Each structure stands twice: as C-alpha cells, then as structure tokens.
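Next comes upload_3.cif, a file with mmCIF, C-alpha atoms.
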```cif
data_upload
#
loop_
_atom_site.group_PDB
_atom_site.id
_atom_site.type_symbol
_atom_site.label_atom_id
_atom_site.label_comp_id
_atom_site.auth_asym_id
_atom_site.auth_seq_id
_atom_site.Cartn_x
_atom_site.Cartn_y
_atom_site.Cartn_z
ATOM 1 C CA MET A 847 1.587 156.787 72.151
ATOM 2 C CA SER A 848 -0.194 153.744 70.839
ATOM 3 C CA THR A 849 3.169 152.057 70.272
ATOM 4 C CA THR A 850 4.051 152.649 73.921
ATOM 5 C CA THR A 851 0.728 151.227 75.040
ATOM 6 C CA ALA A 852 1.195 148.155 72.862
ATOM 7 C CA THR A 853 4.718 147.640 74.225
ATOM 8 C CA VAL A 854 3.484 147.960 77.785
ATOM 9 C CA GLN A 855 0.666 145.500 77.086
ATOM 10 C CA THR A 856 3.033 143.022 75.453
ATOM 11 C CA ALA A 857 5.397 143.308 78.393
ATOM 12 C CA ALA A 858 2.517 142.809 80.810
ATOM 13 C CA ALA A 859 1.298 139.764 78.882
ATOM 14 C CA ALA A 860 4.830 138.364 78.777
ATOM 15 C CA SER A 861 5.291 138.763 82.515
ATOM 16 C CA GLU A 862 1.856 137.274 83.058
ATOM 17 C CA SER A 863 2.754 134.178 81.072
ATOM 18 C CA THR A 864 6.136 133.927 82.780
ATOM 19 C CA ARG A 865 4.336 133.966 86.112
ATOM 20 C CA ALA A 866 1.833 131.366 84.893
ATOM 21 C CA ILE A 867 4.643 129.134 83.607
ATOM 22 C CA VAL A 868 6.567 129.310 86.889
ATOM 23 C CA ILE A 869 3.502 128.719 89.080
ATOM 24 C CA ALA A 870 2.222 125.813 86.942
ATOM 25 C CA ALA A 871 5.654 124.204 86.701
ATOM 26 C CA LEU A 872 6.297 124.399 90.456
ATOM 27 C CA LEU A 873 2.802 123.177 91.289
ATOM 28 C CA GLY A 874 3.134 120.328 88.754
ATOM 29 C CA LEU A 875 6.562 119.296 90.029
ATOM 30 C CA GLY A 876 5.240 119.377 93.586
ATOM 31 C CA LEU A 877 2.287 117.111 92.779
ATOM 32 C CA VAL A 878 4.413 114.681 90.760
ATOM 33 C CA PHE A 879 7.020 114.600 93.544
ATOM 34 C CA MET A 880 4.325 113.902 96.110
ATOM 35 C CA THR A 881 2.850 110.966 94.206
ATOM 36 C CA GLY A 882 6.053 109.598 92.694
ATOM 37 C CA PHE A 883 8.932 110.336 95.030
ATOM 38 C CA ALA A 884 7.897 111.503 98.494
ATOM 39 C CA PRO A 885 9.722 109.233 100.942
ATOM 40 C CA ALA A 886 7.100 109.399 103.711
ATOM 41 C CA MET A 887 5.902 105.827 104.256
ATOM 42 C CA ALA A 888 2.222 106.761 104.387
ATOM 43 C CA LEU A 889 2.443 108.601 101.044
ATOM 44 C CA HIS A 890 4.445 105.752 99.556
ATOM 45 C CA ASN A 891 1.915 103.163 100.623
ATOM 46 C CA ALA A 892 -1.057 105.223 99.462
ATOM 47 C CA ALA A 893 0.451 105.776 96.005
ATOM 48 C CA HIS A 894 2.100 102.339 95.841
ATOM 49 C CA ASP A 895 0.236 100.764 92.925
ATOM 50 C CA PHE A 896 0.322 104.025 90.947
ATOM 51 C CA ARG A 897 4.087 104.267 91.453
ATOM 52 C CA HIS A 898 4.631 100.740 90.198
ATOM 53 C CA THR A 899 2.371 101.174 87.189
ATOM 54 C CA GLN A 900 3.823 104.554 86.216
ATOM 55 C CA ASN A 901 7.361 103.201 86.672
ATOM 56 C CA PHE A 902 8.539 105.498 89.420
ATOM 57 C CA PRO A 903 11.418 103.852 91.275
ATOM 58 C CA CYS A 904 9.692 102.307 94.273
ATOM 59 C CA HIS A 905 11.060 100.860 97.552
ATOM 60 C CA MET B 684 -3.869 133.008 82.352
ATOM 61 C CA ILE B 685 -2.772 130.927 85.316
ATOM 62 C CA ILE B 686 -6.445 130.300 86.135
ATOM 63 C CA ARG B 687 -7.065 129.054 82.620
ATOM 64 C CA LEU B 688 -3.957 126.844 82.677
ATOM 65 C CA VAL B 689 -4.812 125.323 86.074
ATOM 66 C CA SER B 690 -8.475 124.791 85.075
ATOM 67 C CA ALA B 691 -7.476 123.011 81.868
ATOM 68 C CA ALA B 692 -4.898 120.934 83.778
ATOM 69 C CA LEU B 693 -7.504 119.920 86.369
ATOM 70 C CA VAL B 694 -9.900 118.766 83.653
ATOM 71 C CA ALA B 695 -7.152 116.945 81.738
ATOM 72 C CA GLY B 696 -5.732 115.330 84.867
ATOM 73 C CA PHE B 697 -9.180 114.186 85.953
ATOM 74 C CA LEU B 698 -10.124 112.666 82.587
ATOM 75 C CA ALA B 699 -6.734 110.969 82.224
ATOM 76 C CA ALA B 700 -6.959 109.637 85.776
ATOM 77 C CA VAL B 701 -10.407 108.142 85.149
ATOM 78 C CA VAL B 702 -9.137 106.289 82.090
ATOM 79 C CA ALA B 703 -5.777 105.271 83.577
ATOM 80 C CA THR B 704 -7.281 104.162 86.890
ATOM 81 C CA GLY B 705 -9.699 101.883 85.061
ATOM 82 C CA LEU B 706 -6.849 100.418 83.048
ATOM 83 C CA GLN B 707 -4.745 99.965 86.190
ATOM 84 C CA PHE B 708 -7.511 98.074 87.961
ATOM 85 C CA ALA B 709 -8.042 95.851 84.926
ATOM 86 C CA LEU B 710 -4.449 95.279 83.848
ATOM 87 C CA THR B 711 -1.748 96.010 86.438
ATOM 88 C CA SER B 712 -3.284 95.839 89.925
ATOM 89 C CA PRO B 713 -4.065 92.096 89.555
ATOM 90 C CA LEU B 714 -0.416 91.472 88.608
ATOM 91 C CA ILE B 715 0.804 93.510 91.600
ATOM 92 C CA LEU B 716 -1.398 91.445 93.911
ATOM 93 C CA LYS B 717 -0.047 88.204 92.408
ATOM 94 C CA ALA B 718 3.517 89.455 92.784
ATOM 95 C CA GLU B 719 2.920 90.306 96.427
ATOM 96 C CA VAL B 720 2.193 86.639 97.105
ATOM 97 C CA PHE B 721 5.674 85.745 95.846
ATOM 98 C CA GLU B 722 7.089 88.694 97.691
ATOM 99 C CA ALA B 723 5.606 87.546 100.961
ATOM 100 C CA GLN B 724 7.104 84.067 100.436
ATOM 101 C CA ALA B 725 10.485 85.559 99.599
ATOM 102 C CA GLY B 726 10.267 87.782 102.663
ATOM 103 C CA LYS B 727 9.991 84.705 104.889
ATOM 104 C CA GLN B 728 13.011 83.079 103.269
ATOM 105 C CA ALA B 729 15.062 86.259 103.104
ATOM 106 C CA SER B 730 18.670 85.436 103.718
ATOM 107 C CA LEU B 731 21.636 87.715 104.053
ATOM 108 C CA SER B 732 23.983 85.271 102.351
ATOM 109 C CA SER B 733 24.010 87.180 99.065
ATOM 110 C CA PRO B 734 27.172 89.178 98.490
ATOM 111 C CA PHE B 735 24.937 91.973 97.250
ATOM 112 C CA ALA B 736 22.762 91.909 100.328
ATOM 113 C CA HIS B 737 23.596 95.487 101.213
ATOM 114 C CA LEU B 738 22.805 96.644 97.668
ATOM 115 C CA ILE B 739 19.606 94.773 97.140
ATOM 116 C CA VAL B 740 16.528 95.929 98.912
ATOM 117 C CA PRO B 741 14.967 92.616 99.807
ATOM 118 C CA ALA B 742 11.444 92.258 98.585
ATOM 119 C CA HIS B 743 10.383 95.767 99.592
ATOM 120 C CA GLY B 744 9.645 94.307 102.980
ATOM 121 C CA ASP B 745 9.779 97.438 105.096
ATOM 122 C CA ALA B 746 7.041 99.101 103.157
ATOM 123 C CA HIS B 747 4.572 96.318 103.654
ATOM 124 C CA GLY B 748 5.500 95.073 107.014
ATOM 125 C CA HIS B 749 6.953 91.749 105.856
ATOM 126 C CA GLY B 750 10.453 92.895 106.690
ATOM 127 C CA GLU B 751 12.163 93.312 109.980
ATOM 128 C CA GLY B 752 12.518 97.055 109.591
ATOM 129 C CA GLY B 753 11.188 99.479 112.157
ATOM 130 C CA ALA B 754 8.822 100.984 109.588
ATOM 131 C CA ALA B 755 6.608 97.908 109.745
ATOM 132 C CA GLU B 756 3.848 99.770 111.578
ATOM 133 C CA ALA B 757 3.583 102.515 108.924
ATOM 134 C CA TRP B 758 0.065 103.245 107.780
ATOM 135 C CA GLN B 759 -1.108 101.595 104.599
ATOM 136 C CA PRO B 760 -4.515 101.471 102.971
ATOM 137 C CA ALA B 761 -6.636 98.443 103.770
ATOM 138 C CA PRO B 762 -6.803 95.857 100.995
ATOM 139 C CA GLY B 763 -9.650 96.064 98.522
ATOM 140 C CA LEU B 764 -11.725 99.189 98.093
ATOM 141 C CA GLU B 765 -9.593 101.468 100.249
ATOM 142 C CA ARG B 766 -6.422 100.525 98.391
ATOM 143 C CA MET B 767 -8.205 101.024 95.054
ATOM 144 C CA ALA B 768 -9.437 104.419 96.186
ATOM 145 C CA TYR B 769 -5.929 105.552 97.082
ATOM 146 C CA THR B 770 -4.604 104.242 93.770
ATOM 147 C CA GLY B 771 -7.240 106.320 92.006
ATOM 148 C CA LEU B 772 -6.424 109.360 94.141
ATOM 149 C CA ALA B 773 -2.691 109.030 93.434
ATOM 150 C CA THR B 774 -3.433 108.719 89.726
ATOM 151 C CA LEU B 775 -5.560 111.868 89.896
ATOM 152 C CA VAL B 776 -2.884 113.881 91.708
ATOM 153 C CA GLY B 777 -0.164 112.571 89.385
ATOM 154 C CA GLY B 778 -2.297 113.255 86.315
ATOM 155 C CA VAL B 779 -2.998 116.846 87.351
ATOM 156 C CA GLY B 780 0.703 117.294 88.102
ATOM 157 C CA TYR B 781 1.692 116.020 84.661
ATOM 158 C CA ALA B 782 -1.011 118.144 83.001
ATOM 159 C CA LEU B 783 0.289 121.267 84.783
ATOM 160 C CA LEU B 784 3.813 120.522 83.559
ATOM 161 C CA LEU B 785 2.521 119.905 80.040
ATOM 162 C CA GLY B 786 0.641 123.211 80.149
ATOM 163 C CA ALA B 787 3.691 125.062 81.462
ATOM 164 C CA VAL B 788 5.898 123.635 78.707
ATOM 165 C CA MET B 789 3.354 124.453 75.975
ATOM 166 C CA LEU B 790 3.030 128.023 77.262
ATOM 167 C CA ALA B 791 6.806 128.430 77.587
ATOM 168 C CA LEU B 792 7.237 127.262 73.980
ATOM 169 C CA LYS B 793 4.348 129.524 72.876
ATOM 170 C CA ARG B 794 2.355 126.692 71.372
ATOM 171 C CA VAL B 795 -1.388 127.324 71.231
ATOM 172 C CA PRO B 796 -3.067 124.324 72.901
ATOM 173 C CA SER B 797 -5.469 122.314 70.740
ATOM 174 C CA PRO B 798 -6.223 118.600 70.905
ATOM 175 C CA GLU B 799 -3.628 118.037 68.129
ATOM 176 C CA THR B 800 -0.773 120.025 69.670
ATOM 177 C CA GLY B 801 -1.745 118.707 73.092
ATOM 178 C CA LEU B 802 -1.486 115.140 71.811
ATOM 179 C CA ALA B 803 1.952 115.851 70.334
ATOM 180 C CA PHE B 804 3.185 117.225 73.660
ATOM 181 C CA GLY B 805 1.519 114.344 75.494
ATOM 182 C CA LEU B 806 3.420 111.848 73.347
ATOM 183 C CA ALA B 807 6.636 113.764 74.043
ATOM 184 C CA GLY B 808 5.779 113.499 77.735
ATOM 185 C CA PHE B 809 5.330 109.748 77.380
ATOM 186 C CA LEU B 810 8.700 109.395 75.632
ATOM 187 C CA THR B 811 10.400 111.551 78.267
ATOM 188 C CA VAL B 812 8.858 110.406 81.517
ATOM 189 C CA ALA B 813 7.754 106.844 80.763
ATOM 190 C CA LEU B 814 9.595 105.222 77.863
ATOM 191 C CA ALA B 815 13.114 106.651 78.295
ATOM 192 C CA PRO B 816 13.552 105.687 81.962
ATOM 193 C CA ALA B 817 11.834 102.337 81.306
ATOM 194 C CA MET B 818 14.501 101.429 78.729
ATOM 195 C CA GLY B 819 17.011 101.310 81.581
ATOM 196 C CA LEU B 820 14.848 100.518 84.580
ATOM 197 C CA PRO B 821 11.830 98.551 83.330
ATOM 198 C CA PRO B 822 8.594 98.875 85.303
ATOM 199 C CA GLU B 823 9.007 96.630 88.278
ATOM 200 C CA LEU B 824 6.682 94.407 90.238
ATOM 201 C CA PRO B 825 6.885 94.308 94.042
ATOM 202 C CA GLY B 826 9.467 91.810 95.208
ATOM 203 C CA MET B 827 11.875 92.108 92.310
ATOM 204 C CA ALA B 828 15.473 92.704 93.305
ATOM 205 C CA SER B 829 16.672 96.218 92.668
ATOM 206 C CA ALA B 830 19.463 98.625 93.458
ATOM 207 C CA GLU B 831 19.202 101.136 96.261
ATOM 208 C CA LEU B 832 16.208 103.454 95.862
ATOM 209 C CA GLY B 833 18.189 106.704 95.881
ATOM 210 C CA VAL B 834 20.471 105.520 93.078
ATOM 211 C CA ARG B 835 17.512 104.504 90.900
ATOM 212 C CA GLN B 836 15.658 107.749 91.592
ATOM 213 C CA ALA B 837 18.749 109.771 90.699
ATOM 214 C CA TRP B 838 19.158 107.868 87.424
ATOM 215 C CA TRP B 839 15.432 108.272 86.698
ATOM 216 C CA VAL B 840 15.484 112.042 87.251
ATOM 217 C CA MET B 841 18.710 112.421 85.246
ATOM 218 C CA THR B 842 17.301 110.385 82.350
ATOM 219 C CA VAL B 843 14.020 112.310 82.304
ATOM 220 C CA ALA B 844 15.852 115.661 82.358
ATOM 221 C CA ALA B 845 18.305 114.623 79.626
ATOM 222 C CA THR B 846 15.576 113.143 77.413
ATOM 223 C CA GLY B 847 13.305 116.171 77.801
ATOM 224 C CA LEU B 848 16.099 118.581 76.975
ATOM 225 C CA GLY B 849 17.212 116.341 74.100
ATOM 226 C CA LEU B 850 13.711 116.243 72.601
ATOM 227 C CA TYR B 851 13.509 120.029 72.907
ATOM 228 C CA LEU B 852 16.818 120.463 71.078
ATOM 229 C CA ILE B 853 15.737 118.040 68.348
ATOM 230 C CA ALA B 854 12.078 118.927 67.833
ATOM 231 C CA VAL B 855 11.973 122.634 68.699
ATOM 232 C CA ARG B 856 15.408 124.057 67.905
ATOM 233 C CA ARG B 857 15.819 121.733 64.918
ATOM 234 C CA VAL B 858 19.190 122.712 63.453
ATOM 235 C CA PRO B 859 21.933 120.105 62.816
ATOM 236 C CA LEU B 860 24.025 121.113 65.817
ATOM 237 C CA THR B 861 21.155 120.972 68.313
ATOM 238 C CA ILE B 862 19.856 117.733 66.799
ATOM 239 C CA ALA B 863 23.258 116.120 67.308
ATOM 240 C CA GLY B 864 23.430 117.496 70.844
ATOM 241 C CA GLY B 865 19.902 116.269 71.546
ATOM 242 C CA LEU B 866 20.721 112.755 70.385
ATOM 243 C CA VAL B 867 23.804 112.692 72.616
ATOM 244 C CA LEU B 868 21.705 113.850 75.592
ATOM 245 C CA ILE B 869 19.051 111.185 74.967
ATOM 246 C CA VAL B 870 21.577 108.362 74.609
ATOM 247 C CA ALA B 871 24.006 109.427 77.364
ATOM 248 C CA PRO B 872 22.096 108.119 80.421
ATOM 249 C CA HIS B 873 21.783 104.703 78.751
ATOM 250 C CA LEU B 874 25.487 104.607 77.897
ATOM 251 C CA ALA B 875 26.239 105.554 81.486
ATOM 252 C CA GLY B 876 24.064 102.590 82.425
ATOM 253 C CA ALA B 877 21.007 102.229 84.599
ATOM 254 C CA PRO B 878 21.447 100.790 88.096
ATOM 255 C CA LEU B 879 19.684 97.567 87.167
ATOM 256 C CA VAL B 880 20.063 94.452 89.316
ATOM 257 C CA VAL B 881 19.690 91.334 87.190
ATOM 258 C CA ASP B 882 20.467 88.707 89.828
ATOM 259 C CA SER B 883 17.529 87.752 91.905
ATOM 260 C CA ASP B 884 16.462 84.784 93.966
ATOM 261 C CA SER B 885 12.857 85.883 93.632
ATOM 262 C CA LYS B 886 10.440 83.131 92.629
ATOM 263 C CA LEU B 887 8.396 85.644 90.645
ATOM 264 C CA PRO B 888 7.751 84.181 87.153
ATOM 265 C CA ALA B 889 9.522 86.170 84.429
ATOM 266 C CA ALA B 890 6.399 86.114 82.258
ATOM 267 C CA LEU B 891 4.483 87.978 84.972
ATOM 268 C CA ALA B 892 7.176 90.662 85.171
ATOM 269 C CA ALA B 893 7.364 90.985 81.388
ATOM 270 C CA GLN B 894 3.597 91.301 81.073
ATOM 271 C CA PHE B 895 3.569 93.921 83.810
ATOM 272 C CA ALA B 896 6.273 95.967 82.094
ATOM 273 C CA ALA B 897 4.438 95.953 78.760
ATOM 274 C CA ARG B 898 1.058 96.765 80.332
ATOM 275 C CA SER B 899 2.555 99.520 82.452
ATOM 276 C CA LEU B 900 4.033 101.230 79.386
ATOM 277 C CA GLY B 901 0.765 100.813 77.507
ATOM 278 C CA ILE B 902 -1.141 102.476 80.340
ATOM 279 C CA SER B 903 1.423 105.300 80.467
ATOM 280 C CA LEU B 904 0.945 105.884 76.761
ATOM 281 C CA VAL B 905 -2.832 106.155 77.134
ATOM 282 C CA PHE B 906 -2.439 108.294 80.286
ATOM 283 C CA TRP B 907 -0.220 110.814 78.482
ATOM 284 C CA ALA B 908 -2.268 110.779 75.276
ATOM 285 C CA VAL B 909 -5.442 111.598 77.226
ATOM 286 C CA ILE B 910 -3.652 114.287 79.258
ATOM 287 C CA GLY B 911 -2.481 115.971 76.040
ATOM 288 C CA LEU B 912 -5.745 115.633 74.108
ATOM 289 C CA ALA B 913 -7.876 116.724 77.042
ATOM 290 C CA TYR B 914 -5.595 119.623 77.930
ATOM 291 C CA GLY B 915 -5.850 121.005 74.392
ATOM 292 C CA TRP B 916 -9.606 120.547 74.451
ATOM 293 C CA ALA B 917 -10.091 122.035 77.917
ATOM 294 C CA TRP B 918 -7.829 125.011 77.203
ATOM 295 C CA ASN B 919 -10.259 126.085 74.496
ATOM 296 C CA LEU B 920 -13.222 125.212 76.696
ATOM 297 C CA PHE B 921 -12.102 127.878 79.173
ATOM 298 C CA ALA B 922 -11.389 130.439 76.437
ATOM 299 C CA ASP B 923 -14.423 132.611 77.194
ATOM 300 C CA LYS B 924 -13.602 132.805 80.858
ATOM 301 C CA ALA B 925 -10.049 133.930 80.216
ATOM 302 C CA VAL B 926 -9.309 137.594 80.882
ATOM 303 C CA SER B 927 -9.150 138.225 77.169
ATOM 304 C CA GLY B 928 -9.041 135.442 74.644
ATOM 305 C CA GLY B 929 -7.186 137.553 72.105
ATOM 306 C CA ARG B 930 -3.888 137.650 73.920
ATOM 307 C CA SER B 931 -3.968 134.127 75.247
ATOM 308 C CA HIS B 932 -0.575 133.387 73.781
ATOM 309 C CA ALA B 933 0.976 136.784 73.265
#
```
Full structure transcribed into structure tokens:
Amino acid sequence: MSTTTATVQTAAAASESTRAIVIAALLGLGLVFMTGFAPAMALHNAAHDFRHTQNFPCH
Amino acid sequence: MIIRLVSAALVAGFLAAVVATGLQFALTSPLILKAEVFEAQAGKQASLSSPFAHLIVPAHGDAHGHGEGGAAEAWQPAPGLERMAYTGLATLVGGVGYALLLGAVMLALKRVPSPETGLAFGLAGFLTVALAPAMGLPPELPGMASAELGVRQAWWVMTVAATGLGLYLIAVRRVPLTIAGGLVLIVAPHLAGAPLVVDSDSKLPAALAAQFAARSLGISLVFWAVIGLAYGWAWNLFADKAVSGGRSHA
C-alpha cells in the first residue's frame, strides 16, 4: 500500500517537474527570442543596444 | 514547482539586469553611440559598387532611418533617457528569459540549485550563448559590414545548440565516447565557418570595434554569473513557499 502511494507520489512529482521544465523552457525561449531575434522593427529598435552588447546578430 | 522556478528566475533576471544594464551604460553604450556617428557618415557615402553589395547589409541603415529602405519610419526610442530605458527593459526581459532557461536545464538535470551550482550553470550558459558564437561572429558595432542577417542568425542558433549539447555530453554524461562526441559538436560549427564579412569600407576605427567586443564579452560573463548565483540563492529563498520543500527535486 505504502509502496503504491510512494510510486504514485514520485510519478506525480516527476510529471510536475516535467511540466515545470517545459513551461519554463518555452517561456524562456519566448522571452529570449523577443529580445534577441524578433524581426519586428519596433522590437529591434527598442532592444537594439542590448542586442549589440549581448552579441545577438543584429541588422 | 513552476511557481518557485518562475519566482527565482524573476529575481535572478532582475538582479542580473540591474548589474548588466549599469555596465552597458558605462562600457558599451558610449561605444555604440560613437560607432553610429561613423555609421551615419558611411550611410551618406553608401555606394553599390562593391561586388558584395547584395551580401553586405550597408551600415544597418534601414533600422535607423539612414538608409533608403521603406522601413525608415519605423518607431525607435528617442535618444537619451528613453533609449536607456528600453535598453534596461530589454536587458530585464532577456535576463529573465535566460534565468528561466537556466532553471529549466537545472531541473531537467536534477541539480539542486544553490549559489555554487547556479554559478556553474551560469558559466556554462556564458560559454554556450556568449563565448562560442562570439568566436565566429564577434560582437559587432553598428555600421560594421556583415553577412545577411538570416545567415548569421542561423549560424548563431546552430552554434549555441551544438555547444550546449556538446557541454552536456562532456560535463554531464562524462564517458570517453560522449566526451569525444561533445568535442566534435563544439568544434563543428567553427570548422564549418561563421558567415563573417572581413571586407569593409567602414571608417570605424578597429580599436573601437576590438574594445567593444572585449567589453561585450566581459558584460556577458558578469550577466550570466549573476543570473546563476542569484537563481541559486533565490531558489532557496522561495523554499518555504513551495508546495513542499522536501520533494523539491524528486
């Protein structure tokens, strides 16, 4: 019984961290894309100096 | 767990952005402004006589309205405070983005965040995202000749992916076969060659460009170190608020 509970809890924790990893990775990639790569001119110009300093290919 | 990860990433991204923005204002923004003077001059003299004219994006004119492109009216922040504010904002958003990725990687590799492990992952982030691509495409000032943007971005993304995977194979898997494979992955994009344009009729002094490249990498190093340190610190700061601290890294 207790073994089953522990297994279920471990599985739940594992799926919780998988979900956290996926959400954080997608959110992080989205933010980095927005500041470093987004082609929209307004975004480019706003982040211009950051892009140059952080060595994102710019222009 | 996601709440704890995002909270720690917000704190780390904010602290790193404060430090990096200060360094940018002191060290790189003045060089960018100087370079834009040369860029504006070059924009006036832009000629299409170069055989590489279609490859070289002349003096990033479109973006700043010096060019003849139709995008000249695009919005851009006003010089001075407004521009500085947007630079700070971009650094904040980028810092939080990097911190989220760092947190996701640490969780995926089941490493318990502390300032020490955070710093180690931050340094790996610096090697992957800043140093490796910079070996092929050094940090560039406005107005320097360069290959088409899409080609450089593709090489950048490929290099970052290969270096990250290579570091993982070397540092985490750590058996002879994966170490050899990791080294191949890290070296491959550089053997393939970065789309670097060396020829330029820009009047920009080389010393200015060299100083910018060195300062830019220095700032990236500090940026990543603070992201890693602060993420490890903030992760433990939010320990009590986590659903249950005991299974934080089950």
Shell of 9 Å around range 878-890 of chain A, all atoms listed in the file, local chain residues under 5 positions omitted, as a PyMOL selection string:
(chain A and resi 873+896-897+900-905) or (chain B and resi 746+754+757-760+773-774+776-781+836)
Counting only C-alpha atoms, which residues in chain B sit no more than 8 Å from chain A? For each one, give the nearest pair of atoms and the distance in Å, sorted by chain then residue number, as JSON lines.
```
{"residue": "B:Met684", "atom": "CA", "partner": "A:Ala866", "partner_atom": "CA", "distance": 6.5}
{"residue": "B:Ile685", "atom": "CA", "partner": "A:Ala866", "partner_atom": "CA", "distance": 4.6}
{"residue": "B:Leu688", "atom": "CA", "partner": "A:Ala870", "partner_atom": "CA", "distance": 7.6}
{"residue": "B:Val689", "atom": "CA", "partner": "A:Ala870", "partner_atom": "CA", "distance": 7.1}
{"residue": "B:Gln707", "atom": "CA", "partner": "A:Thr899", "partner_atom": "CA", "distance": 7.3}
{"residue": "B:Thr711", "atom": "CA", "partner": "A:Thr899", "partner_atom": "CA", "distance": 6.6}
{"residue": "B:Ser712", "atom": "CA", "partner": "A:Asp895", "partner_atom": "CA", "distance": 6.8}
{"residue": "B:Ile715", "atom": "CA", "partner": "A:Asp895", "partner_atom": "CA", "distance": 7.4}
{"residue": "B:Val740", "atom": "CA", "partner": "A:His905", "partner_atom": "CA", "distance": 7.5}
{"residue": "B:His743", "atom": "CA", "partner": "A:His905", "partner_atom": "CA", "distance": 5.5}
{"residue": "B:Ala746", "atom": "CA", "partner": "A:Met887", "partner_atom": "CA", "distance": 6.9}
{"residue": "B:His747", "atom": "CA", "partner": "A:Asn891", "partner_atom": "CA", "distance": 7.9}
{"residue": "B:Ala754", "atom": "CA", "partner": "A:Met887", "partner_atom": "CA", "distance": 7.8}
{"residue": "B:Ala757", "atom": "CA", "partner": "A:Met887", "partner_atom": "CA", "distance": 6.2}
{"residue": "B:Trp758", "atom": "CA", "partner": "A:Ala888", "partner_atom": "CA", "distance": 5.3}
{"residue": "B:Gln759", "atom": "CA", "partner": "A:Asn891", "partner_atom": "CA", "distance": 5.2}
{"residue": "B:Pro760", "atom": "CA", "partner": "A:Ala892", "partner_atom": "CA", "distance": 6.2}
{"residue": "B:Arg766", "atom": "CA", "partner": "A:Ala892", "partner_atom": "CA", "distance": 7.2}
{"residue": "B:Tyr769", "atom": "CA", "partner": "A:Ala892", "partner_atom": "CA", "distance": 5.4}
{"residue": "B:Thr770", "atom": "CA", "partner": "A:Phe896", "partner_atom": "CA", "distance": 5.7}
{"residue": "B:Gly771", "atom": "CA", "partner": "A:Phe896", "partner_atom": "CA", "distance": 8.0}
{"residue": "B:Leu772", "atom": "CA", "partner": "A:Ala893", "partner_atom": "CA", "distance": 8.0}
{"residue": "B:Ala773", "atom": "CA", "partner": "A:Ala893", "partner_atom": "CA", "distance": 5.2}
{"residue": "B:Thr774", "atom": "CA", "partner": "A:Phe896", "partner_atom": "CA", "distance": 6.1}
{"residue": "B:Val776", "atom": "CA", "partner": "A:Leu877", "partner_atom": "CA", "distance": 6.2}
{"residue": "B:Gly777", "atom": "CA", "partner": "A:Val878", "partner_atom": "CA", "distance": 5.2}
{"residue": "B:Val779", "atom": "CA", "partner": "A:Gly874", "partner_atom": "CA", "distance": 7.2}
{"residue": "B:Gly780", "atom": "CA", "partner": "A:Gly874", "partner_atom": "CA", "distance": 3.9}
{"residue": "B:Tyr781", "atom": "CA", "partner": "A:Gly874", "partner_atom": "CA", "distance": 6.1}
{"residue": "B:Ala782", "atom": "CA", "partner": "A:Gly874", "partner_atom": "CA", "distance": 7.4}
{"residue": "B:Leu783", "atom": "CA", "partner": "A:Gly874", "partner_atom": "CA", "distance": 5.0}
{"residue": "B:Leu784", "atom": "CA", "partner": "A:Ala871", "partner_atom": "CA", "distance": 5.2}
{"residue": "B:Gly786", "atom": "CA", "partner": "A:Ala870", "partner_atom": "CA", "distance": 7.4}
{"residue": "B:Ala787", "atom": "CA", "partner": "A:Ile867", "partner_atom": "CA", "distance": 4.7}
{"residue": "B:Val788", "atom": "CA", "partner": "A:Ile867", "partner_atom": "CA", "distance": 7.5}
{"residue": "B:Leu790", "atom": "CA", "partner": "A:Ile867", "partner_atom": "CA", "distance": 6.6}
{"residue": "B:Ala791", "atom": "CA", "partner": "A:Ile867", "partner_atom": "CA", "distance": 6.4}
{"residue": "B:Ala813", "atom": "CA", "partner": "A:Asn901", "partner_atom": "CA", "distance": 7.0}
{"residue": "B:Ala817", "atom": "CA", "partner": "A:Asn901", "partner_atom": "CA", "distance": 7.0}
{"residue": "B:Pro821", "atom": "CA", "partner": "A:Asn901", "partner_atom": "CA", "distance": 7.3}
{"residue": "B:Pro822", "atom": "CA", "partner": "A:Asn901", "partner_atom": "CA", "distance": 4.7}
{"residue": "B:Glu823", "atom": "CA", "partner": "A:His898", "partner_atom": "CA", "distance": 6.3}
{"residue": "B:Leu824", "atom": "CA", "partner": "A:His898", "partner_atom": "CA", "distance": 6.7}
{"residue": "B:Pro825", "atom": "CA", "partner": "A:His898", "partner_atom": "CA", "distance": 7.8}
{"residue": "B:Leu832", "atom": "CA", "partner": "A:His905", "partner_atom": "CA", "distance": 6.0}
{"residue": "B:Arg835", "atom": "CA", "partner": "A:Pro903", "partner_atom": "CA", "distance": 6.1}
{"residue": "B:Gln836", "atom": "CA", "partner": "A:Pro903", "partner_atom": "CA", "distance": 5.8}
{"residue": "B:Trp839", "atom": "CA", "partner": "A:Pro903", "partner_atom": "CA", "distance": 7.5}
{"residue": "B:Ser899", "atom": "CA", "partner": "A:Thr899", "partner_atom": "CA", "distance": 5.0}
{"residue": "B:Leu900", "atom": "CA", "partner": "A:Gln900", "partner_atom": "CA", "distance": 7.6}
{"residue": "B:Ile902", "atom": "CA", "partner": "A:Thr899", "partner_atom": "CA", "distance": 7.8}
{"residue": "B:Ser903", "atom": "CA", "partner": "A:Gln900", "partner_atom": "CA", "distance": 6.3}
{"residue": "B:Arg930", "atom": "CA", "partner": "A:Ala859", "partner_atom": "CA", "distance": 7.5}
{"residue": "B:Ala933", "atom": "CA", "partner": "A:Ala859", "partner_atom": "CA", "distance": 6.4}
```
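CA of Ala723 in chain B is found 16.3 Å from CA of Ser829 in chain B.
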Report as a PyMOL selection string the residues that result from applying the PyMOL selection byres ((chain B and resi 794) around 12) to the structure here.
chain B and resi 785-793+795-801+803-804+855+915+918+931-933
On this structure, which residues satisfy the PyMOL selection byres ((chain B and resi 865) around 10), written as a PyMOL selection string?
chain B and resi 845-854+856-857+859-864+866-871
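Proximity ranking of B:Ile910, B:Ala844, B:Ala897, B:Ile686 relative to Ala703 in chain B places B:Ile910 first, based on only C-alpha atoms.
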Starting from the PyMOL selection byres ((chain B and resi 909) around 10), expand the selection into actual residues of this file and give them as a PyMOL selection string.
chain B and resi 695-703+778+782+798+801-802+805-806+903-908+910-915
Could you rebuild range 865-871 of chain B with N, CA and C atoms and give me the result as a tab-separated table (two decimals), in the frame of the given file?
```
chain	number	residue	atom	x	y	z
B	865	GLY	N	21.07	116.92	70.97
B	865	GLY	CA	19.90	116.27	71.55
B	865	GLY	C	20.03	114.76	71.56
B	866	LEU	N	20.54	114.21	70.45
B	866	LEU	CA	20.72	112.76	70.39
B	866	LEU	C	21.72	112.29	71.44
B	867	VAL	N	22.80	113.05	71.60
B	867	VAL	CA	23.80	112.69	72.62
B	867	VAL	C	23.16	112.69	73.99
B	868	LEU	N	22.35	113.75	74.28
B	868	LEU	CA	21.70	113.85	75.59
B	868	LEU	C	20.76	112.67	75.84
B	869	ILE	N	20.03	112.26	74.79
B	869	ILE	CA	19.05	111.18	74.97
B	869	ILE	C	19.76	109.84	75.20
B	870	VAL	N	20.88	109.65	74.52
B	870	VAL	CA	21.58	108.36	74.61
B	870	VAL	C	22.46	108.26	75.86
B	871	ALA	N	23.00	109.43	76.29
B	871	ALA	CA	24.01	109.43	77.36
B	871	ALA	C	23.61	108.64	78.63
```
